[in-house]
Structures are given as structure tokens and as C-alpha cells.
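One file, model_0.cif, is given below (mmCIF, C-alpha atoms and all ligand atoms).
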```
data_target
loop_
_atom_site.label_atom_id
_atom_site.label_comp_id
_atom_site.auth_asym_id
_atom_site.auth_seq_id
_atom_site.Cartn_x
_atom_site.Cartn_y
_atom_site.Cartn_z
CA MET A 1 17.65 -14.89 -12.96
CA GLN A 2 18.50 -18.57 -12.63
CA ASP A 3 16.98 -19.38 -9.26
CA ASN A 4 15.09 -22.53 -10.30
CA LYS A 5 12.12 -21.60 -8.15
CA GLN A 6 8.56 -22.08 -9.31
CA THR A 7 6.75 -19.00 -10.57
CA ALA A 8 4.15 -16.94 -8.72
CA LEU A 9 2.60 -14.31 -10.99
CA SER A 10 0.22 -11.43 -10.54
CA GLY A 11 -0.62 -8.04 -11.97
CA ILE A 12 -2.65 -4.92 -11.31
CA LYS A 13 -4.32 -2.77 -13.98
CA PRO A 14 -3.35 0.93 -13.97
CA THR A 15 -6.98 2.00 -14.32
CA GLY A 16 -7.17 4.42 -11.43
CA ARG A 17 -6.03 5.24 -7.94
CA LEU A 18 -5.15 2.08 -6.00
CA THR A 19 -7.38 1.30 -3.05
CA LEU A 20 -7.06 -0.38 0.31
CA GLY A 21 -8.84 -3.34 -1.37
CA ASN A 22 -6.00 -3.68 -3.88
CA TYR A 23 -3.52 -3.47 -1.02
CA ILE A 24 -5.15 -6.09 1.21
CA GLY A 25 -6.35 -8.46 -1.51
CA ALA A 26 -3.21 -8.34 -3.64
CA LEU A 27 -0.27 -5.98 -3.11
CA LYS A 28 0.54 -6.70 0.52
CA ASN A 29 0.71 -10.45 -0.17
CA PHE A 30 3.13 -10.34 -3.10
CA PRO A 31 6.42 -10.02 -1.13
CA SER A 32 5.56 -13.11 0.94
CA PHE A 33 5.96 -15.17 -2.23
CA GLN A 34 9.58 -14.06 -2.67
CA GLU A 35 11.15 -16.79 -0.57
CA GLN A 36 9.44 -19.90 -1.86
CA TYR A 37 8.71 -18.73 -5.42
CA HIS A 38 10.12 -16.43 -8.04
CA PRO A 39 7.42 -13.74 -8.37
CA PHE A 40 6.70 -12.19 -11.77
CA ILE A 41 4.74 -9.08 -10.83
CA PHE A 42 3.65 -6.81 -13.62
CA ILE A 43 1.64 -3.72 -14.43
CA ALA A 44 -1.23 -4.85 -16.65
CA ASP A 45 -1.27 -1.74 -18.84
CA LEU A 46 -2.77 -3.42 -21.91
CA HIS A 47 -5.67 -4.47 -19.69
CA ALA A 48 -6.20 -0.85 -18.70
CA LEU A 49 -7.26 -0.05 -22.26
CA THR A 50 -10.39 -2.20 -22.05
CA LEU A 51 -12.38 0.84 -20.88
CA PRO A 52 -11.70 4.45 -21.96
CA ILE A 53 -8.80 6.04 -20.10
CA ASP A 54 -7.02 9.38 -20.39
CA PRO A 55 -3.45 8.86 -21.78
CA GLU A 56 -1.78 11.06 -19.16
CA GLU A 57 -3.64 9.30 -16.39
CA LEU A 58 -2.59 5.91 -17.72
CA ARG A 59 1.07 6.98 -17.73
CA GLN A 60 0.84 8.36 -14.19
CA ASN A 61 -1.03 5.32 -12.86
CA THR A 62 1.62 3.06 -14.37
CA LEU A 63 4.44 4.81 -12.50
CA ASP A 64 2.35 4.79 -9.34
CA ILE A 65 1.85 1.03 -9.43
CA ALA A 66 5.57 0.45 -10.04
CA ALA A 67 6.37 2.60 -6.98
CA PHE A 68 3.69 0.82 -4.93
CA TYR A 69 5.16 -2.57 -5.84
CA LEU A 70 8.56 -1.46 -4.59
CA ALA A 71 7.06 0.18 -1.49
CA SER A 72 5.27 -3.05 -0.62
CA GLY A 73 8.65 -4.76 -0.27
CA LEU A 74 9.07 -6.39 -3.66
CA ASP A 75 12.80 -6.60 -4.31
CA PRO A 76 13.91 -6.44 -7.97
CA GLU A 77 16.68 -8.90 -7.11
CA LYS A 78 14.18 -11.51 -5.94
CA SER A 79 11.21 -10.65 -8.16
CA THR A 80 10.77 -9.73 -11.79
CA ILE A 81 8.85 -6.46 -11.84
CA PHE A 82 7.79 -5.43 -15.32
CA LEU A 83 5.41 -3.63 -17.64
CA GLN A 84 3.18 -5.91 -19.70
CA SER A 85 3.39 -3.80 -22.89
CA MET A 86 7.21 -4.07 -22.89
CA VAL A 87 6.98 -7.84 -23.45
CA HIS A 88 5.28 -8.34 -26.82
CA GLU A 89 4.90 -12.08 -26.20
CA HIS A 90 1.81 -11.35 -24.07
CA SER A 91 -0.12 -10.00 -27.05
CA GLU A 92 1.21 -12.69 -29.35
CA LEU A 93 0.24 -15.59 -27.12
CA ALA A 94 -3.18 -14.00 -26.56
CA THR A 95 -3.72 -13.93 -30.34
CA ILE A 96 -2.99 -17.64 -30.49
CA LEU A 97 -4.94 -18.58 -27.36
CA GLN A 98 -8.12 -16.80 -28.39
CA ASN A 99 -8.68 -19.56 -30.92
CA TYR A 100 -9.02 -22.06 -28.12
CA ALA A 101 -11.48 -20.05 -25.98
CA TYR A 102 -15.20 -20.41 -26.64
CA MET A 103 -17.78 -17.64 -26.89
CA GLY A 104 -19.95 -19.42 -24.31
CA GLU A 105 -17.36 -19.56 -21.57
CA MET A 106 -16.22 -16.00 -22.28
CA SER A 107 -19.81 -14.76 -22.02
CA ARG A 108 -20.05 -16.20 -18.52
CA MET A 109 -17.22 -14.06 -17.10
CA THR A 110 -18.77 -12.03 -14.31
CA GLN A 111 -16.28 -9.17 -14.61
CA PHE A 112 -17.32 -8.68 -18.25
CA LYS A 113 -20.99 -8.78 -17.27
CA ASP A 114 -20.44 -6.28 -14.43
CA LYS A 115 -18.40 -3.86 -16.48
CA SER A 116 -20.63 -3.98 -19.58
CA ARG A 117 -23.96 -3.94 -17.76
CA ASN A 118 -24.50 -0.20 -17.98
CA LEU A 119 -22.97 0.27 -21.42
CA ASN A 120 -24.63 0.03 -24.83
CA GLU A 121 -23.16 -1.99 -27.70
CA LYS A 122 -21.31 0.97 -29.13
CA GLN A 123 -19.50 1.49 -25.85
CA ILE A 124 -18.32 -2.08 -25.26
CA GLY A 125 -14.93 -2.59 -26.89
CA LEU A 126 -13.99 -6.07 -28.03
CA GLY A 127 -11.00 -5.97 -25.67
CA LEU A 128 -13.31 -5.94 -22.66
CA PHE A 129 -14.77 -9.24 -23.83
CA THR A 130 -11.48 -10.93 -24.79
CA TYR A 131 -9.62 -9.58 -21.74
CA PRO A 132 -9.53 -12.93 -19.87
CA VAL A 133 -7.66 -14.53 -22.80
CA LEU A 134 -4.93 -11.90 -22.47
CA MET A 135 -4.89 -12.60 -18.75
CA ALA A 136 -4.52 -16.33 -19.47
CA ALA A 137 -1.57 -15.51 -21.75
CA ASP A 138 -0.01 -13.37 -18.98
CA ILE A 139 -0.14 -16.32 -16.63
CA ILE A 140 0.75 -19.17 -18.95
CA LEU A 141 3.79 -17.45 -20.49
CA TYR A 142 5.81 -17.86 -17.31
CA ASP A 143 4.98 -21.49 -16.47
CA THR A 144 3.15 -20.03 -13.51
CA LYS A 145 2.36 -22.35 -10.61
CA VAL A 146 0.47 -19.92 -8.37
CA VAL A 147 -1.51 -16.73 -8.99
CA PRO A 148 -2.07 -14.54 -5.89
CA VAL A 149 -5.20 -12.41 -6.44
CA GLY A 150 -8.36 -11.19 -4.72
CA GLU A 151 -11.52 -13.26 -5.02
CA ASP A 152 -12.90 -11.32 -8.02
CA GLN A 153 -10.15 -12.78 -10.21
CA LYS A 154 -10.78 -16.43 -9.30
CA GLN A 155 -13.01 -17.04 -12.31
CA HIS A 156 -10.36 -15.72 -14.71
CA VAL A 157 -7.72 -18.03 -13.24
CA GLU A 158 -10.15 -20.93 -13.58
CA LEU A 159 -10.63 -20.05 -17.25
CA THR A 160 -6.84 -20.00 -17.62
CA ARG A 161 -6.68 -23.48 -16.12
CA ASP A 162 -9.36 -24.71 -18.51
CA LEU A 163 -7.52 -23.25 -21.49
CA ALA A 164 -4.18 -24.75 -20.41
CA ILE A 165 -5.73 -28.17 -19.85
CA ARG A 166 -7.58 -28.01 -23.19
CA PHE A 167 -4.40 -27.03 -25.00
CA ASN A 168 -2.33 -29.74 -23.29
CA HIS A 169 -4.95 -32.32 -24.13
CA ARG A 170 -4.61 -31.46 -27.79
CA TYR A 171 -0.86 -30.88 -28.10
CA GLY A 172 0.81 -32.68 -25.18
CA ASP A 173 2.20 -31.07 -22.04
CA VAL A 174 2.93 -27.59 -23.34
CA PHE A 175 1.63 -25.52 -20.39
CA VAL A 176 1.90 -25.58 -16.62
CA VAL A 177 -1.62 -25.52 -15.15
CA PRO A 178 -1.73 -22.66 -12.59
CA GLU A 179 -3.46 -22.53 -9.24
CA VAL A 180 -5.14 -19.52 -7.68
CA SER A 181 -4.05 -18.24 -4.25
CA ILE A 182 -6.64 -16.13 -2.46
CA PRO A 183 -5.94 -14.59 0.97
CA LYS A 184 -7.88 -16.23 3.81
CA THR A 185 -8.84 -12.87 5.25
CA GLY A 186 -9.32 -9.83 3.00
CA LYS A 187 -10.15 -11.54 -0.28
CA ARG A 188 -12.96 -9.03 -0.90
CA ILE A 189 -12.84 -5.67 0.86
CA MET A 190 -16.14 -3.83 0.53
CA SER A 191 -16.95 -0.16 -0.04
CA LEU A 192 -17.10 1.86 3.19
CA SER A 193 -20.21 3.69 1.99
CA ASP A 194 -22.01 0.64 0.59
CA PRO A 195 -20.75 -2.61 2.10
CA SER A 196 -22.75 -4.66 -0.41
CA LYS A 197 -20.33 -3.52 -3.13
CA LYS A 198 -16.65 -4.33 -3.71
CA MET A 199 -14.20 -1.52 -2.99
CA SER A 200 -13.04 -0.84 -6.53
CA LYS A 201 -10.81 1.76 -8.13
CA SER A 202 -13.10 2.21 -11.13
CA ASP A 203 -16.12 2.85 -8.91
CA PRO A 204 -14.50 4.92 -6.20
CA LYS A 205 -17.43 5.57 -3.85
CA GLY A 206 -16.49 4.48 -0.35
CA ASP A 207 -12.86 3.76 -1.26
CA ILE A 208 -9.77 4.41 0.81
CA PHE A 209 -7.04 5.30 -1.65
CA LEU A 210 -3.46 4.33 -0.95
CA LYS A 211 -2.48 7.97 -1.48
CA ASP A 212 -5.12 9.47 0.85
CA ASP A 213 -3.67 11.64 3.60
CA GLU A 214 -4.08 10.72 7.25
CA LYS A 215 -6.95 13.14 7.89
CA THR A 216 -8.93 11.80 4.92
CA ILE A 217 -8.34 8.17 5.91
CA ARG A 218 -9.55 8.83 9.45
CA LYS A 219 -12.59 10.73 8.24
CA LYS A 220 -13.58 7.99 5.81
CA ILE A 221 -13.27 5.24 8.41
CA MET A 222 -15.08 7.20 11.14
CA SER A 223 -17.99 7.79 8.74
CA ALA A 224 -18.08 4.23 7.33
CA VAL A 225 -21.62 2.85 7.10
CA THR A 226 -22.40 0.44 9.93
CA ASP A 227 -25.65 -0.84 11.44
CA MET A 228 -27.82 -0.53 14.54
CA GLU A 229 -26.47 -3.49 16.51
CA SER A 230 -23.55 -1.59 18.10
CA ARG A 231 -21.67 -4.82 18.89
CA VAL A 232 -18.36 -5.63 17.22
CA HIS A 233 -19.49 -8.97 15.89
CA TYR A 234 -18.73 -10.66 12.56
CA ASP A 235 -21.84 -11.32 10.48
CA CYS A 236 -21.61 -10.45 6.78
CA GLU A 237 -25.39 -10.75 6.34
CA LYS A 238 -26.66 -8.70 9.28
CA GLN A 239 -23.64 -6.50 9.98
CA PRO A 240 -21.81 -6.11 6.65
CA GLY A 241 -20.29 -2.72 7.43
CA ILE A 242 -18.78 -3.67 10.76
CA SER A 243 -17.71 -7.08 9.39
CA ASN A 244 -15.85 -5.29 6.61
CA LEU A 245 -14.00 -3.10 9.12
CA MET A 246 -13.19 -6.23 11.15
CA THR A 247 -11.76 -7.84 8.01
CA ILE A 248 -9.62 -4.76 7.36
CA TYR A 249 -8.38 -4.83 10.95
CA ALA A 250 -7.68 -8.57 10.86
CA SER A 251 -5.78 -8.41 7.55
CA LEU A 252 -3.56 -5.54 8.62
CA SER A 253 -2.87 -6.87 12.13
CA SER A 254 -2.51 -10.53 11.14
CA LEU A 255 -5.12 -11.42 13.78
CA THR A 256 -7.94 -13.81 12.98
CA ILE A 257 -11.51 -12.53 12.83
CA GLU A 258 -12.20 -14.40 16.11
CA GLU A 259 -9.27 -12.64 17.77
CA VAL A 260 -10.50 -9.26 16.55
CA GLU A 261 -13.96 -10.03 17.88
CA ALA A 262 -12.53 -11.00 21.28
CA LYS A 263 -10.27 -7.91 21.41
CA PHE A 264 -13.18 -5.52 20.83
CA ALA A 265 -15.89 -7.48 22.66
CA THR A 266 -16.63 -4.59 25.01
CA SER A 267 -15.92 -1.70 22.59
CA ASN A 268 -18.54 0.49 21.00
CA TYR A 269 -18.44 1.31 17.28
CA GLY A 270 -16.76 4.70 17.82
CA THR A 271 -13.84 3.19 19.75
CA PHE A 272 -13.48 0.33 17.31
CA LYS A 273 -13.50 2.63 14.27
CA ARG A 274 -10.79 4.80 15.87
CA GLU A 275 -8.63 1.68 16.36
CA VAL A 276 -9.21 0.65 12.74
CA ALA A 277 -8.23 4.16 11.60
CA ASP A 278 -5.07 4.07 13.78
CA LEU A 279 -4.06 0.75 12.32
CA VAL A 280 -4.75 1.71 8.67
CA CYS A 281 -2.76 4.95 9.13
CA SER A 282 0.13 3.15 10.84
CA VAL A 283 0.42 0.92 7.77
CA LEU A 284 -0.31 3.41 4.98
CA ILE A 285 1.64 6.49 6.12
CA PRO A 286 5.09 4.78 6.13
CA PHE A 287 4.05 2.94 2.96
CA GLN A 288 3.40 6.30 1.27
CA GLU A 289 6.84 7.57 2.33
CA ARG A 290 8.48 4.57 0.70
CA TYR A 291 6.31 5.08 -2.41
CA ARG A 292 7.43 8.74 -2.72
CA HIS A 293 11.04 7.73 -2.31
CA PHE A 294 10.85 5.23 -5.20
CA LEU A 295 9.32 7.84 -7.51
CA GLU A 296 12.45 9.97 -7.30
CA GLY A 297 15.02 9.89 -10.13
CA ASP A 298 14.96 7.16 -12.74
CA TYR A 299 15.01 4.12 -10.48
CA ILE A 300 11.62 2.86 -11.73
CA ASP A 301 12.74 2.98 -15.38
CA LYS A 302 15.80 0.91 -14.44
CA VAL A 303 13.68 -1.65 -12.60
CA LEU A 304 11.22 -1.93 -15.50
CA THR A 305 13.99 -2.26 -18.08
CA LYS A 306 15.66 -5.03 -16.08
CA GLY A 307 12.29 -6.69 -15.44
CA ALA A 308 11.26 -6.68 -19.10
CA LYS A 309 14.54 -8.30 -20.10
CA GLU A 310 14.15 -11.05 -17.51
CA ALA A 311 10.50 -11.58 -18.37
CA GLN A 312 11.17 -11.76 -22.09
CA GLU A 313 13.81 -14.42 -21.60
CA VAL A 314 11.20 -16.74 -20.15
CA ALA A 315 8.26 -15.60 -22.29
CA SER A 316 10.06 -16.01 -25.60
CA LYS A 317 10.94 -19.62 -24.75
CA THR A 318 7.33 -20.44 -23.93
CA LEU A 319 6.10 -18.82 -27.13
CA LYS A 320 8.59 -20.84 -29.19
CA ARG A 321 7.33 -24.01 -27.48
CA VAL A 322 3.74 -23.06 -28.35
CA LYS A 323 4.59 -22.32 -31.97
CA GLN A 324 6.41 -25.63 -32.23
CA ALA A 325 3.42 -27.48 -30.77
CA ILE A 326 0.78 -25.96 -33.04
CA GLY A 327 2.82 -26.05 -36.23
CA ILE A 328 3.85 -22.44 -36.81
CA TYR A 329 6.98 -22.61 -38.95
CA GLN A 330 10.04 -21.13 -37.22
CA VAL A 331 13.14 -20.28 -39.24
CA LYS A 332 16.41 -21.55 -37.74
P1 LIG T 1 -11.13 -2.03 -11.52
O1 LIG T 1 -12.13 -1.33 -10.67
O2 LIG T 1 -10.45 -1.18 -12.54
O3 LIG T 1 -11.64 -3.33 -12.10
P2 LIG T 1 -9.93 -3.14 -9.17
O4 LIG T 1 -9.93 -2.14 -8.06
O5 LIG T 1 -10.91 -4.25 -9.08
O6 LIG T 1 -9.97 -2.40 -10.56
P3 LIG T 1 -7.74 -4.64 -10.23
O7 LIG T 1 -6.62 -3.98 -10.94
O8 LIG T 1 -8.78 -5.32 -11.05
O9 LIG T 1 -8.47 -3.66 -9.22
O10 LIG T 1 -7.18 -5.68 -9.19
C1 LIG T 1 -5.87 -5.76 -8.71
C2 LIG T 1 -5.84 -6.82 -7.64
O11 LIG T 1 -6.53 -6.33 -6.48
C3 LIG T 1 -6.54 -8.12 -8.02
O12 LIG T 1 -5.80 -9.21 -7.49
C4 LIG T 1 -7.87 -8.02 -7.35
O13 LIG T 1 -8.42 -9.29 -7.07
C5 LIG T 1 -7.51 -7.28 -6.07
N1 LIG T 1 -8.65 -6.53 -5.55
C6 LIG T 1 -9.29 -5.51 -6.18
N2 LIG T 1 -10.28 -5.02 -5.41
C7 LIG T 1 -10.27 -5.78 -4.26
C8 LIG T 1 -11.07 -5.75 -3.07
N3 LIG T 1 -12.06 -4.88 -2.90
N4 LIG T 1 -10.77 -6.65 -2.11
C9 LIG T 1 -9.76 -7.53 -2.26
N5 LIG T 1 -8.98 -7.60 -3.36
C10 LIG T 1 -9.22 -6.73 -4.35
N1 LIG T 2 -7.30 -9.20 -14.38
C1 LIG T 2 -6.62 -8.70 -13.24
C2 LIG T 2 -5.29 -8.09 -13.55
C3 LIG T 2 -4.45 -9.09 -14.22
C4 LIG T 2 -3.87 -10.26 -13.63
C5 LIG T 2 -3.20 -10.92 -14.69
C6 LIG T 2 -3.85 -10.79 -12.34
C7 LIG T 2 -4.14 -9.11 -15.55
N2 LIG T 2 -3.40 -10.20 -15.83
C8 LIG T 2 -2.54 -12.13 -14.48
C9 LIG T 2 -3.16 -12.00 -12.15
C10 LIG T 2 -2.54 -12.64 -13.20
C11 LIG T 2 -7.52 -7.71 -12.57
O1 LIG T 2 -8.41 -7.19 -13.16
N3 LIG T 2 -7.28 -7.49 -11.35
#
```
Could you write out this file's structure as C-alpha cells?
Ligand code: ATP
Ligand code: LTN
Amino acid sequence: MQDNKQTALSGIKPTGRLTLGNYIGALKNFPSFQEQYHPFIFIADLHALTLPIDPEELRQNTLDIAAFYLASGLDPEKSTIFLQSMVHEHSELATILQNYAYMGEMSRMTQFKDKSRNLNEKQIGLGLFTYPVLMAADIILYDTKVVPVGEDQKQHVELTRDLAIRFNHRYGDVFVVPEVSIPKTGKRIMSLSDPSKKMSKSDPKGDIFLKDDEKTIRKKIMSAVTDMESRVHYDCEKQPGISNLMTIYASLSSLTIEEVEAKFATSNYGTFKREVADLVCSVLIPFQERYRHFLEGDYIDKVLTKGAKEAQEVASKTLKRVKQAIGIYQVK
């Protein structure tokens, strides 16, 4: 794996069925990093434990994400595709790093606030609170330069930067300070039934799932909530539903929002929605065929075994460097 390229790293939690939001905000962008960077793309299974999850579902979701990574065009010869729990250095570095993160900054994490809002104290596991430290460890372990994610993860990457800078300040240049990479269009796809909310796999109302069949996808898009204006015009405040569909169209066609607006200037909502549905299906149906193909046999196990070995080579070196810096004795 000696390609001397800088690292791009990202991961997805196997918490549920992947959505079109995951695809547009994250998955579809990963392969584009393969030329300039060496991508480390992993399944964040330890992160999936932060809220209750059925064991069988977790196992199935894990395989699904591996197959989706491959279907998106990630090539195991150019990228390191791995399962977080197979590389114990993630948990070990997180244990060390948590001593450098402050209660105050952790309490400000919006994902923690969102996910704990409707839970009482007996339902909020400690892991949900400390989760961003594990995420920082995920990133820092690989000397990561760039982290491609959707907008909701920006705050966690900023915390990672703060932790890396704080650590370097105290111990010298131990860590690379990562940068976030958020897609220009599609950084936050909204629910089709409530465009004021993020399309999210753990709150699946108004989601398009990557495994939905063609009929379901079309039905969901044709019945997406819009407004009374009946003009295909981008305005997130006044026309959030139609703006969301325009974002979906722009991301999947590689057109700009302005170009989408011009293309559908004389279309009514019905015609526009049909075009959005056609485009989403033309992307997802072949994607699903590739996904099914990768699930056959034991190819995924081979990819994950190879990936864990490659990942561990890098991660173990970083962990040694950290131990050396902070004074953990290491036998020769
Ligand atoms: P959960 O609901 O369990 O928190 P999620 O659907 O938000 O899950 P994650 O596993 O947290 O998905 O995210 C995987 C990647 O997909 C991240 O980079 C995240 O920023 C991105 N992402 C998730 N939802 C969206 C969305 N609606 N629009 C754009 N990007 C998204
Ligand atoms: N926190 C992310 C998943 C995730 C991740 C990471 C993303 C875990 N570790 C490291 C990028 C880099 C999420 O909830 N989407």
C-alpha cells in the first residue's frame, strides 16, 4: 500500500438502511478521491452501538455498507476499505484522546443534543456523548488530510482539528490536522415528507432508501411535499420542498442549481418530479445491481480482511508515536 499519497478518510455508521442523503452527501463522492488521495473508507460499526441496535440488523447493515462502498466505485486496490472494529487501535487511541477533550466542548455537539433530546438519563449511553472522540481517533490515526462528509459532520471534524492542535501544542507535531470536505451541492438532503428535517436513516420518514425498488422511488418522489408556488425556483426558505428536489437533481446530474432552474423554467411540478424520479432511478437501479453482485460469495470478507491489514499497518505506527509522545512505556 505504498503509494505515498495523502489520506482522505470517511466512514458511515451501520445504523439502518442507507438513504439517498448518505449517497449524495457522502458515498457518491468517495471514489473521486481515489486519484489524488489514498482513501481510507470504513464502516463505523463501533459508532453504531451508541444507540440500541438489534445484533442481526447490525451484522446485515455492515455487509450492506461494504457492498455499497464497492458498488459506488471504490476499488480495493486504490482504497483501503475496512471495518472499524477489526482495527483495535481506534478504541485505544480514543481512550487516550478522551483525556484531552473537555466536557464543555463535548456538550456543545449538536448531534449529541439532537439524538439525546427525546431520551431520559437512563436511556443516554455514555458512548453517545463520547462518540466524537472516537471519531477524532478514526481520523487522526491515518494522518488524514481531508475528510469528505455531509454538513452534519462538520462540527465533529472541527472538534478533531481542535484536539489535534491542542495535542500538538503540548507534545510537538504528533498529528496531522485534518480538513473537512463538504460537497458544494447536496451537503444536506432533506426529508421528502418534511423538508425542514434532514433525510436520516435513524428517522426514516420521507427517506428514499438505496434499496428501494423503482416503483417505490417513483411514488415517494411524486408525492414529495412541495408548496403552492408551482414554479421550479430555488428558495430554501419559501420553497424548501422543491429546492430539495432541485438539489437532488443537480447532485445526480452534475448540473448547477442555476442550470437546473433554467432547464425546468417552463415545467410544472408534476413534470419536474417525473424528471427527478427518472434521474434517481437511472442512478440507483444499476447501483443496486452492482451492490447485489458484490454480496455474492465471500468477496466482501476478503476485501475487509485485506483492508484491516492495511489500515492496521498505518494505525499501529501512529499509536506508537502517540505513546512515545505522552510517555507510555513501550517494551523493545
Ligand atoms: P443516523 O440517522 O444514524 O445518524 P445518518 O443518515 O445521518 O445516520 P451517517 O452514518 O451519520 O448517516 O452519515 C454517513 C454520511 O452521510 C456522513 O458523511 C453524513 O454527513 C452523510 N449524510 C447523512 N445524511 C445526509 C443528508 N441528509 N444529506 C447529506 N449528507 C448526509
Ligand atoms: N460520525 C459519522 C461517521 C463517522 C465518520 C468518522 C465520518 C465515524 N467516524 C470519521 C468521517 C470520519 C457520522 O455519523 N456520519
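Among A:Ser191, A:Gln324, A:Thr271, A:Gln98, the residue with the shortest atom-to-atom distance to ligand LIG 1 (chain T), counting only C-alpha atoms and all ligand atoms, is A:Ser191.
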message = Taking all atoms listed in the file into account, which residues have an atom no farther than 8 Å from ligand LIG 1 (chain T)? I'd like them as a ChimeraX atom specification.
response = /A:10-16,18-27,44,48,111,148-154,186-191,198-203
Shell of 8 Å around His156 in chain A, all atoms listed in the file, local chain residues under 3 positions omitted, as a list in words =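 Here the answer would be Met109, Pro132, Met135, Ala136, Gln153, Leu159 and Thr160 of chain A.
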query = Could you pull the residues within 12 Å of Ser253 in chain A, counting only C-alpha atoms, minus those fewer than 5 positions along the same chain, as a PyMOL selection string?
reply = chain A and resi 24+185-186+246-248+259-260+263+275-276+278-280+282-283
Write out the residues from the selection above, keeping C-alpha atoms, as a PDB file, in the frame of the given file.
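File out-v4.pdb, as written:
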```
ATOM      1  CA  ILE A  24      -5.150  -6.090   1.210  1.00  0.00           C
ATOM      2  CA  THR A 185      -8.840 -12.870   5.250  1.00  0.00           C
ATOM      3  CA  GLY A 186      -9.320  -9.830   3.000  1.00  0.00           C
ATOM      4  CA  MET A 246     -13.190  -6.230  11.150  1.00  0.00           C
ATOM      5  CA  THR A 247     -11.760  -7.840   8.010  1.00  0.00           C
ATOM      6  CA  ILE A 248      -9.620  -4.760   7.360  1.00  0.00           C
ATOM      7  CA  GLU A 259      -9.270 -12.640  17.770  1.00  0.00           C
ATOM      8  CA  VAL A 260     -10.500  -9.260  16.550  1.00  0.00           C
ATOM      9  CA  LYS A 263     -10.270  -7.910  21.410  1.00  0.00           C
ATOM     10  CA  GLU A 275      -8.630   1.680  16.360  1.00  0.00           C
ATOM     11  CA  VAL A 276      -9.210   0.650  12.740  1.00  0.00           C
ATOM     12  CA  ASP A 278      -5.070   4.070  13.780  1.00  0.00           C
ATOM     13  CA  LEU A 279      -4.060   0.750  12.320  1.00  0.00           C
ATOM     14  CA  VAL A 280      -4.750   1.710   8.670  1.00  0.00           C
ATOM     15  CA  SER A 282       0.130   3.150  10.840  1.00  0.00           C
ATOM     16  CA  VAL A 283       0.420   0.920   7.770  1.00  0.00           C
TER      17      VAL A 283
END
```
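Proximity to ligand LIG 2 (chain T) was assessed for A:Gly125, A:Gly73, A:Pro31, A:Pro178 counting all atoms listed in the file; the smallest distance is recorded for A:Pro178.
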Could you check which residues have any atom within 12 Å of (-12.2, -25.7, -25.3), counting all atoms listed in the file with coordinates taken straight from the file, and then list them as a tab-separated table (two decimals) with C-alpha atoms, keeping the file's coordinate frame?
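Saved the output as selection-v1.tsv:
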```tsv
chain	number	residue	atom	x	y	z
A	97	LEU	CA	-4.94	-18.58	-27.36
A	98	GLN	CA	-8.12	-16.80	-28.39
A	99	ASN	CA	-8.68	-19.56	-30.92
A	100	TYR	CA	-9.02	-22.06	-28.12
A	101	ALA	CA	-11.48	-20.05	-25.98
A	102	TYR	CA	-15.20	-20.41	-26.64
A	103	MET	CA	-17.78	-17.64	-26.89
A	104	GLY	CA	-19.95	-19.42	-24.31
A	105	GLU	CA	-17.36	-19.56	-21.57
A	106	MET	CA	-16.22	-16.00	-22.28
A	159	LEU	CA	-10.63	-20.05	-17.25
A	160	THR	CA	-6.84	-20.00	-17.62
A	161	ARG	CA	-6.68	-23.48	-16.12
A	162	ASP	CA	-9.36	-24.71	-18.51
A	163	LEU	CA	-7.52	-23.25	-21.49
A	164	ALA	CA	-4.18	-24.75	-20.41
A	165	ILE	CA	-5.73	-28.17	-19.85
A	166	ARG	CA	-7.58	-28.01	-23.19
A	167	PHE	CA	-4.40	-27.03	-25.00
A	168	ASN	CA	-2.33	-29.74	-23.29
A	169	HIS	CA	-4.95	-32.32	-24.13
A	170	ARG	CA	-4.61	-31.46	-27.79
```
inquiry  = Let me make sure I understand: among A:Val146, A:Leu245, A:Ile300, A:Cys236, which one has the smallest atom-to-atom distance to Ser193 in chain A if we use only C-alpha atoms?
reply    = A:Leu245
With 5 Å on each side, where is the centre of the axis-aligned box around all listed atoms of range 22-34 of chain A, and how long are its edges in Å to one decimal, as AutoDock Vina command-line options?
```
--center_x 1.6 --center_y -9.3 --center_z -1.3 --size_x 25.9 --size_y 21.7 --size_z 15.1
```
ask   = With only C-alpha atoms as the atoms that count, which of A:Arg17, A:Arg59, A:Lys323, A:Lys332 lies nearest to Val174 in chain A?
value =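 Closest to Val174 in chain A of all the choices is A:Lys323.
Between CA of Tyr142 in chain A and CA of Phe40 in chain A lies a distance of 8.0 Å.
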